[in-house]
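File shown: upload-v2.cif. Contents: mmCIF, C-alpha atoms.
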```cif
data_data
#
loop_
_atom_site.label_atom_id
_atom_site.label_comp_id
_atom_site.auth_asym_id
_atom_site.auth_seq_id
_atom_site.Cartn_x
_atom_site.Cartn_y
_atom_site.Cartn_z
CA MET A 1 -32.72 6.01 -3.99
CA SER A 2 -33.46 2.87 -5.99
CA GLY A 3 -32.51 4.76 -9.14
CA PHE A 4 -29.13 5.69 -7.66
CA ARG A 5 -28.51 2.08 -6.63
CA ALA A 6 -29.33 0.99 -10.16
CA PHE A 7 -26.88 3.59 -11.49
CA LEU A 8 -24.11 2.28 -9.20
CA LYS A 9 -24.82 -1.27 -10.30
CA ARG A 10 -24.69 -0.24 -13.96
CA LYS A 11 -21.34 1.43 -13.33
CA ASP A 12 -20.03 -1.59 -11.39
CA ILE A 13 -19.51 0.51 -8.26
CA GLU A 14 -19.72 -1.75 -5.24
CA ILE A 15 -19.26 -0.02 -1.89
CA SER A 16 -18.17 -2.93 0.28
CA LEU A 17 -15.37 -4.11 2.53
CA ARG A 18 -14.52 -6.84 0.08
CA ARG A 19 -14.15 -4.52 -2.91
CA TYR A 20 -12.06 -1.91 -1.09
CA GLY A 21 -10.49 -3.73 1.86
CA ILE A 22 -9.59 -6.94 0.05
CA ASP A 23 -9.60 -6.47 -3.73
CA ALA A 24 -8.24 -2.90 -3.92
CA LEU A 25 -5.82 -3.26 -1.02
CA GLY A 26 -4.47 -6.56 -2.32
CA ALA A 27 -3.94 -5.08 -5.79
CA MET A 28 -2.26 -2.02 -4.31
CA ALA A 29 0.23 -4.26 -2.49
CA GLN A 30 1.10 -5.89 -5.81
CA GLY A 31 1.58 -2.48 -7.43
CA LEU A 32 3.86 -1.49 -4.57
CA PHE A 33 5.82 -4.72 -4.94
CA CYS A 34 6.30 -4.17 -8.69
CA SER A 35 7.70 -0.68 -8.18
CA LEU A 36 9.04 0.41 -4.78
CA LEU A 37 9.95 -3.05 -3.47
CA ILE A 38 11.60 -4.27 -6.67
CA GLY A 39 13.36 -0.92 -6.92
CA THR A 40 14.64 -1.25 -3.35
CA ILE A 41 15.96 -4.74 -4.06
CA LEU A 42 17.73 -3.52 -7.21
CA ASN A 43 19.15 -0.49 -5.39
CA THR A 44 20.50 -2.78 -2.70
CA LEU A 45 22.10 -5.02 -5.31
CA GLY A 46 23.66 -1.98 -6.94
CA SER A 47 25.09 -0.62 -3.71
CA GLN A 48 26.43 -4.02 -2.61
CA THR A 49 27.90 -5.12 -5.94
CA GLY A 50 28.91 -1.76 -7.37
CA VAL A 51 27.06 -2.53 -10.62
CA ALA A 52 25.54 0.83 -11.60
CA ILE A 53 22.80 -0.55 -13.85
CA PHE A 54 21.05 -2.11 -10.85
CA SER A 55 20.85 1.25 -9.10
CA THR A 56 19.74 3.00 -12.28
CA VAL A 57 16.88 0.61 -12.96
CA GLY A 58 15.99 0.53 -9.27
CA GLY A 59 15.74 4.32 -9.21
CA TYR A 60 13.30 4.32 -12.13
CA ALA A 61 11.17 1.60 -10.52
CA THR A 62 11.04 3.39 -7.17
CA ALA A 63 10.11 6.72 -8.76
CA VAL A 64 6.83 5.39 -10.20
CA SER A 65 5.54 3.66 -7.07
CA GLY A 66 2.61 6.07 -6.74
CA PRO A 67 1.29 5.56 -10.30
CA ALA A 68 1.89 1.80 -10.06
CA MET A 69 -0.22 1.51 -6.90
CA ALA A 70 -2.99 3.72 -8.30
CA VAL A 71 -3.22 1.79 -11.58
CA ALA A 72 -3.29 -1.49 -9.65
CA ILE A 73 -6.19 -0.19 -7.54
CA GLY A 74 -8.01 0.99 -10.66
CA TYR A 75 -7.56 -2.44 -12.21
CA ALA A 76 -9.00 -4.12 -9.11
CA LEU A 77 -11.99 -1.76 -9.21
CA LYS A 78 -12.60 -2.73 -12.86
CA CYS A 79 -12.11 0.77 -14.26
CA PRO A 80 -12.73 1.44 -17.97
CA PRO A 81 -9.55 2.18 -19.95
CA LEU A 82 -9.74 5.99 -19.84
CA VAL A 83 -10.27 5.95 -16.07
CA LEU A 84 -7.54 3.37 -15.56
CA PHE A 85 -4.95 5.35 -17.53
CA SER A 86 -5.95 8.56 -15.73
CA MET A 87 -4.93 6.96 -12.45
CA VAL A 88 -1.26 7.54 -13.33
CA PRO A 89 -1.18 11.29 -12.49
CA VAL A 90 -3.59 10.73 -9.58
CA GLY A 91 -1.20 8.19 -8.03
CA TRP A 92 1.80 10.44 -8.60
CA ALA A 93 0.11 13.41 -6.88
CA ALA A 94 -1.19 11.38 -3.93
CA ASN A 95 2.16 9.72 -3.30
CA ALA A 96 4.11 12.97 -3.59
CA LEU A 97 1.78 14.99 -1.37
CA GLY A 98 1.46 12.19 1.18
CA GLY A 99 5.19 12.31 1.82
CA SER A 100 7.65 9.47 2.14
CA ALA A 101 5.91 7.96 5.16
CA GLY A 102 2.23 8.36 4.26
CA GLY A 103 2.38 8.17 0.47
CA PRO A 104 1.07 4.60 0.05
CA LEU A 105 -1.86 5.16 2.42
CA ALA A 106 -2.73 8.43 0.64
CA VAL A 107 -2.64 6.67 -2.73
CA PHE A 108 -4.96 3.96 -1.42
CA VAL A 109 -7.67 6.36 -0.24
CA ILE A 110 -7.43 8.87 -3.08
CA ALA A 111 -7.16 6.34 -5.90
CA ILE A 112 -10.37 4.62 -4.75
CA VAL A 113 -12.32 7.90 -4.77
CA ALA A 114 -10.88 9.05 -8.11
CA ALA A 115 -11.55 5.68 -9.72
CA GLU A 116 -15.18 5.57 -8.61
CA VAL A 117 -15.79 9.19 -9.66
CA GLY A 118 -14.24 8.45 -13.04
CA LYS A 119 -16.43 5.37 -13.48
CA MET A 120 -19.52 7.49 -12.78
CA VAL A 121 -18.87 9.86 -15.70
CA SER A 122 -17.34 7.30 -18.05
CA LYS A 123 -19.26 7.04 -21.36
CA GLU A 124 -21.95 9.41 -20.12
CA THR A 125 -21.16 12.20 -22.61
CA PRO A 126 -20.46 12.44 -26.36
CA VAL A 127 -16.95 13.73 -25.57
CA ASP A 128 -15.96 10.91 -23.24
CA VAL A 129 -12.32 11.03 -24.31
CA LEU A 130 -12.12 14.54 -22.86
CA VAL A 131 -14.55 14.45 -19.93
CA THR A 132 -13.55 11.17 -18.29
CA PRO A 133 -9.79 11.84 -17.93
CA LEU A 134 -10.45 15.46 -16.95
CA VAL A 135 -12.90 14.58 -14.18
CA THR A 136 -10.85 11.61 -12.90
CA ILE A 137 -7.57 13.50 -12.75
CA PHE A 138 -9.05 16.71 -11.36
CA ALA A 139 -10.99 14.86 -8.65
CA GLY A 140 -7.97 12.79 -7.67
CA VAL A 141 -5.41 15.61 -7.61
CA ALA A 142 -7.79 17.98 -5.80
CA LEU A 143 -8.48 15.34 -3.16
CA ALA A 144 -4.75 14.66 -2.87
CA ALA A 145 -4.08 18.33 -2.21
CA LEU A 146 -6.79 18.30 0.47
CA ILE A 147 -6.14 15.11 2.43
CA ALA A 148 -2.74 13.66 1.43
CA PRO A 149 -0.68 16.03 3.65
CA PRO A 150 -2.74 15.18 6.79
CA ILE A 151 -2.39 11.48 5.98
CA GLY A 152 1.38 11.97 5.72
CA ALA A 153 1.35 13.80 9.06
CA GLY A 154 -0.53 10.88 10.60
CA ALA A 155 2.01 8.41 9.29
CA ASN A 156 4.79 10.57 10.73
CA TYR A 157 2.92 10.50 14.06
CA VAL A 158 3.24 6.71 13.98
CA GLY A 159 6.96 7.26 13.54
CA ALA A 160 6.94 9.63 16.52
CA LEU A 161 5.36 6.92 18.66
CA ILE A 162 8.12 4.54 17.63
CA LYS A 163 10.72 7.18 18.45
CA ARG A 164 9.22 7.66 21.93
CA ALA A 165 9.52 3.93 22.49
CA THR A 166 13.27 4.18 21.93
CA VAL A 167 13.72 6.30 25.07
CA LEU A 168 12.39 3.53 27.31
CA GLN A 169 14.62 0.96 28.97
CA PRO A 170 16.19 -1.41 26.42
CA PHE A 171 14.10 -4.52 27.14
CA TRP A 172 10.66 -2.93 26.78
CA MET A 173 11.89 -0.63 24.05
CA GLY A 174 12.98 -3.60 21.96
CA ILE A 175 9.55 -5.22 22.28
CA ILE A 176 7.63 -2.05 21.45
CA VAL A 177 9.82 -1.00 18.54
CA SER A 178 9.93 -4.47 17.03
CA ALA A 179 6.18 -4.99 17.21
CA SER A 180 5.39 -1.43 16.04
CA VAL A 181 7.69 -1.49 13.02
CA GLY A 182 6.52 -5.00 12.11
CA ILE A 183 2.93 -3.74 12.07
CA ALA A 184 3.90 -0.61 10.13
CA LEU A 185 5.71 -2.76 7.56
CA THR A 186 2.56 -4.72 6.80
CA LEU A 187 0.21 -1.70 6.79
CA PRO A 188 -0.05 0.48 3.65
CA ILE A 189 2.43 3.02 5.01
CA SER A 190 6.16 3.20 4.49
CA SER A 191 7.95 1.69 7.48
CA ALA A 192 11.29 2.28 5.76
CA ALA A 193 10.55 5.99 5.52
CA ILE A 194 9.50 6.11 9.17
CA CYS A 195 12.68 4.39 10.32
CA HIS A 196 14.81 6.63 8.13
CA SER A 197 13.04 9.80 9.28
CA PHE A 198 13.64 9.01 12.93
CA ASN A 199 17.12 7.58 12.47
CA LEU A 200 16.42 4.23 14.14
CA VAL A 201 19.92 2.85 14.52
CA GLY A 202 21.76 0.73 17.06
CA LEU A 203 19.54 -1.25 19.40
CA ALA A 204 16.35 0.38 18.10
CA GLY A 205 17.41 -0.33 14.52
CA GLY A 206 18.09 -3.96 15.36
CA ALA A 207 14.69 -4.29 16.99
CA ALA A 208 13.05 -2.75 13.91
CA VAL A 209 14.82 -5.25 11.65
CA ALA A 210 13.67 -8.13 13.87
CA GLY A 211 10.07 -6.92 13.68
CA CYS A 212 10.22 -6.64 9.89
CA CYS A 213 11.74 -10.10 9.56
CA ALA A 214 9.12 -11.64 11.85
CA ASN A 215 6.30 -10.28 9.68
CA MET A 216 7.86 -10.92 6.28
CA VAL A 217 9.30 -14.36 6.96
CA GLY A 218 6.41 -15.25 9.27
CA PHE A 219 3.74 -14.62 6.65
CA ALA A 220 5.89 -16.21 3.95
CA VAL A 221 6.23 -19.44 5.93
CA MET A 222 2.64 -19.42 7.20
CA SER A 223 1.23 -19.17 3.67
CA PHE A 224 3.69 -21.55 1.99
CA ARG A 225 1.09 -24.29 1.60
CA GLU A 226 -1.17 -21.95 -0.39
CA ASN A 227 1.39 -19.76 -2.21
CA ARG A 228 4.35 -22.13 -2.53
CA TRP A 229 7.77 -20.81 -3.59
CA GLY A 230 6.50 -17.71 -5.41
CA GLY A 231 4.73 -16.50 -2.26
CA LEU A 232 7.69 -17.42 -0.08
CA ILE A 233 10.08 -15.31 -2.14
CA SER A 234 7.73 -12.36 -2.79
CA GLN A 235 6.86 -12.01 0.89
CA GLY A 236 10.16 -13.09 2.42
CA LEU A 237 12.23 -10.76 0.22
CA GLY A 238 9.54 -8.26 -0.76
CA THR A 239 6.83 -7.23 1.68
CA SER A 240 4.23 -8.73 3.99
CA MET A 241 1.87 -6.00 2.75
CA LEU A 242 0.82 -8.57 0.15
CA GLN A 243 -1.17 -10.16 2.99
CA MET A 244 -3.25 -7.04 3.82
CA GLY A 245 -6.26 -8.35 1.91
CA ASN A 246 -6.16 -11.58 3.90
CA ILE A 247 -5.63 -9.68 7.16
CA VAL A 248 -8.78 -7.65 6.51
CA LYS A 249 -10.60 -10.90 5.81
CA ASN A 250 -9.25 -12.64 8.93
CA PRO A 251 -7.29 -10.39 11.34
CA ARG A 252 -6.31 -13.36 13.51
CA ILE A 253 -3.58 -14.36 11.05
CA TRP A 254 -1.65 -11.28 12.22
CA ILE A 255 -1.39 -12.53 15.83
CA ALA A 256 1.49 -14.98 15.31
CA PRO A 257 3.82 -12.63 13.37
CA THR A 258 3.17 -9.81 15.84
CA LEU A 259 3.92 -12.05 18.81
CA ALA A 260 7.05 -13.27 17.03
CA SER A 261 8.10 -9.64 16.57
CA ALA A 262 7.70 -8.97 20.27
CA ILE A 263 9.58 -12.12 21.26
#
```

Mind converting the file's structure to structure tokens?
Amino acid sequence: MSGFRAFLKRKDIEISLRRYGIDALGAMAQGLFCSLLIGTILNTLGSQTGVAIFSTVGGYATAVSGPAMAVAIGYALKCPPLVLFSMVPVGWAANALGGSAGGPLAVFVIAIVAAEVGKMVSKETPVDVLVTPLVTIFAGVALAALIAPPIGAGANYVGALIKRATVLQPFWMGIIVSASVGIALTLPISSAAICHSFNLVGLAGGAAVAGCCANMVGFAVMSFRENRWGGLISQGLGTSMLQMGNIVKNPRIWIAPTLASAI
């Protein structure tokens, strides 16, 4: 057992809440911001202004959200170059098989496993340039085929819960939908996909928007002293998912935005 622990230390594999729940999750949020979120902003600019180039660039950025998140996670886990570059197809497979709602969560789980497996075999053979990418990609894609669809189904179940809330009387429905979508927005799942899948429009759609705003603007304002204008803009216009690492570290910071969503 001591030999295995020494091997993990030599490979810089640290199985801890900090490494996975803070470092990897925080990096994943940045990868998501630099692809899907920026793409969404550009697509919105294109649709509102009629300037086609915004929509074109936004489409390209959105399309590579899976690889961007996986590479960001690999970077946070300190992967060697061959492992890091192999995360591109792993992220694509996990995001595609996880579906529109569960893709980000699937990428998070699968990229961590693929990265650590890749680090284990990295530079252990004379043909490292062949073995390391092969093992990393095969492990990641095989795991994606196995668990990404159930993760996507679970994310859709969250959407089903939100849909059930819409059949309640308007007052309680507004509270439940707003708080639920605000939480989903900050978690590593796609709240936009959930809302689109279940056609949350009208009163339910308004409540969902309020919940998203409470989390995004709430975290942006709360962290202004530490993050200044860059954090205000990236969270207020981008995503509160950037705070997931801090939420894991101190869950109490989520209380105020969630209460604001409900109110």

Proximity to Leu45 of chain A - best of A:Met222, A:Cys212, A:Val121, A:Val57, only C-alpha atoms =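 Comparing A:Met222, A:Cys212, A:Val121, A:Val57 against Leu45 of chain A, the winner is A:Val57.
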
Where does the PyMOL selection byres ((chain A and resi 21) around 10) land in this file, that is, which residues does it pick, as JSON, numbers by chain?
-> {"A": [16, 17, 18, 19, 20, 22, 23, 24, 25, 26, 244, 245, 246, 247, 248, 249]}

Would you mind listing, for every residue of segment 23-65 of chain A within 9 Å of segment 90-107 of chain A, the two atoms forming the shortest contact and the distance between them in Å to one decimal, using only C-alpha atoms, sorted by chain and ascending residue number, as a tab-separated table?
```
residue	atom	partner	partner_atom	distance
A:Met28	CA	A:Pro104	CA	8.6
A:Leu32	CA	A:Pro104	CA	8.1
A:Val64	CA	A:Trp92	CA	7.3
A:Ser65	CA	A:Trp92	CA	7.9
```

What do you get, as an NGL selection string, if you spell out every residue that the PyMOL selection byres ((chain A and resi 213) around 10) selects here?
-> :A and (178 or 182 or 185 or 207-212 or 214-219 or 236-237 or 239-240 or 257 or 260-261)

Can you tell me how far atom CA of Val221 of chain A sits from atom CA of Arg252 of chain A, in Å to one decimal?
-> 15.9 Å

So what does the PyMOL selection byres ((chain A and resi 111) around 8) actually pick up in this one, as a PyMOL selection string?
-> chain A and resi 70+73-74+87+90-91+107-110+112-115+140

Two-atom distance - atom CA of Ser234 of chain A, atom CA of Ala63 of chain A (Å) =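 Separation of atom CA of Ser234 of chain A and atom CA of Ala63 of chain A: 20.1 Å.
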
Closest of A:Ile41, A:Ile263, A:Val117, A:Val51 to Leu134 of chain A - atom-to-atom distances counting only C-alpha atoms |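 Nearest candidate to Leu134 of chain A out of A:Ile41, A:Ile263, A:Val117, A:Val51: A:Val117.
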
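In this model, the gap between atom CA of Cys34 of chain A and atom CA of Glu14 of chain A comes to 26.4 Å.
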
For Gly58 of chain A, the nearest of the candidates A:Leu36, A:Leu143, A:Leu77, A:Ala72, counting all atoms listed in the file = A:Leu36

Neighbours of Ile176 of chain A within 9 Å (all atoms listed in the file; same-chain residues fewer than 5 positions away dropped), as a list in words?
-> Ile162, Ala165, Thr166, Phe171, Val181, Ala207 and Ala262 of chain A

Between A:Gln243, A:Thr186, A:Gln30, A:Thr56, which has the minimum distance to Thr44 of chain A (counting all atoms listed in the file)?
->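 For Thr44 of chain A, the nearest of the candidates is A:Thr56.
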
For segment 5-12 of chain A, work out the shell of residues within 8 Å, counting all atoms listed in the file and skipping chain neighbours fewer than 5 positions away, then give it as a list in words.
->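 The residues that qualify are Lys78, Lys119 and Met120 of chain A.
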
Excluding Val83 of chain A and any residue of its chain fewer than 2 positions from it, enumerate the residues within 8 Å of it, using all atoms listed in the file, and give them as number ranges by chain.
-> A: 74, 79-81, 85-87, 115, 118-119, 122, 132-133, 136
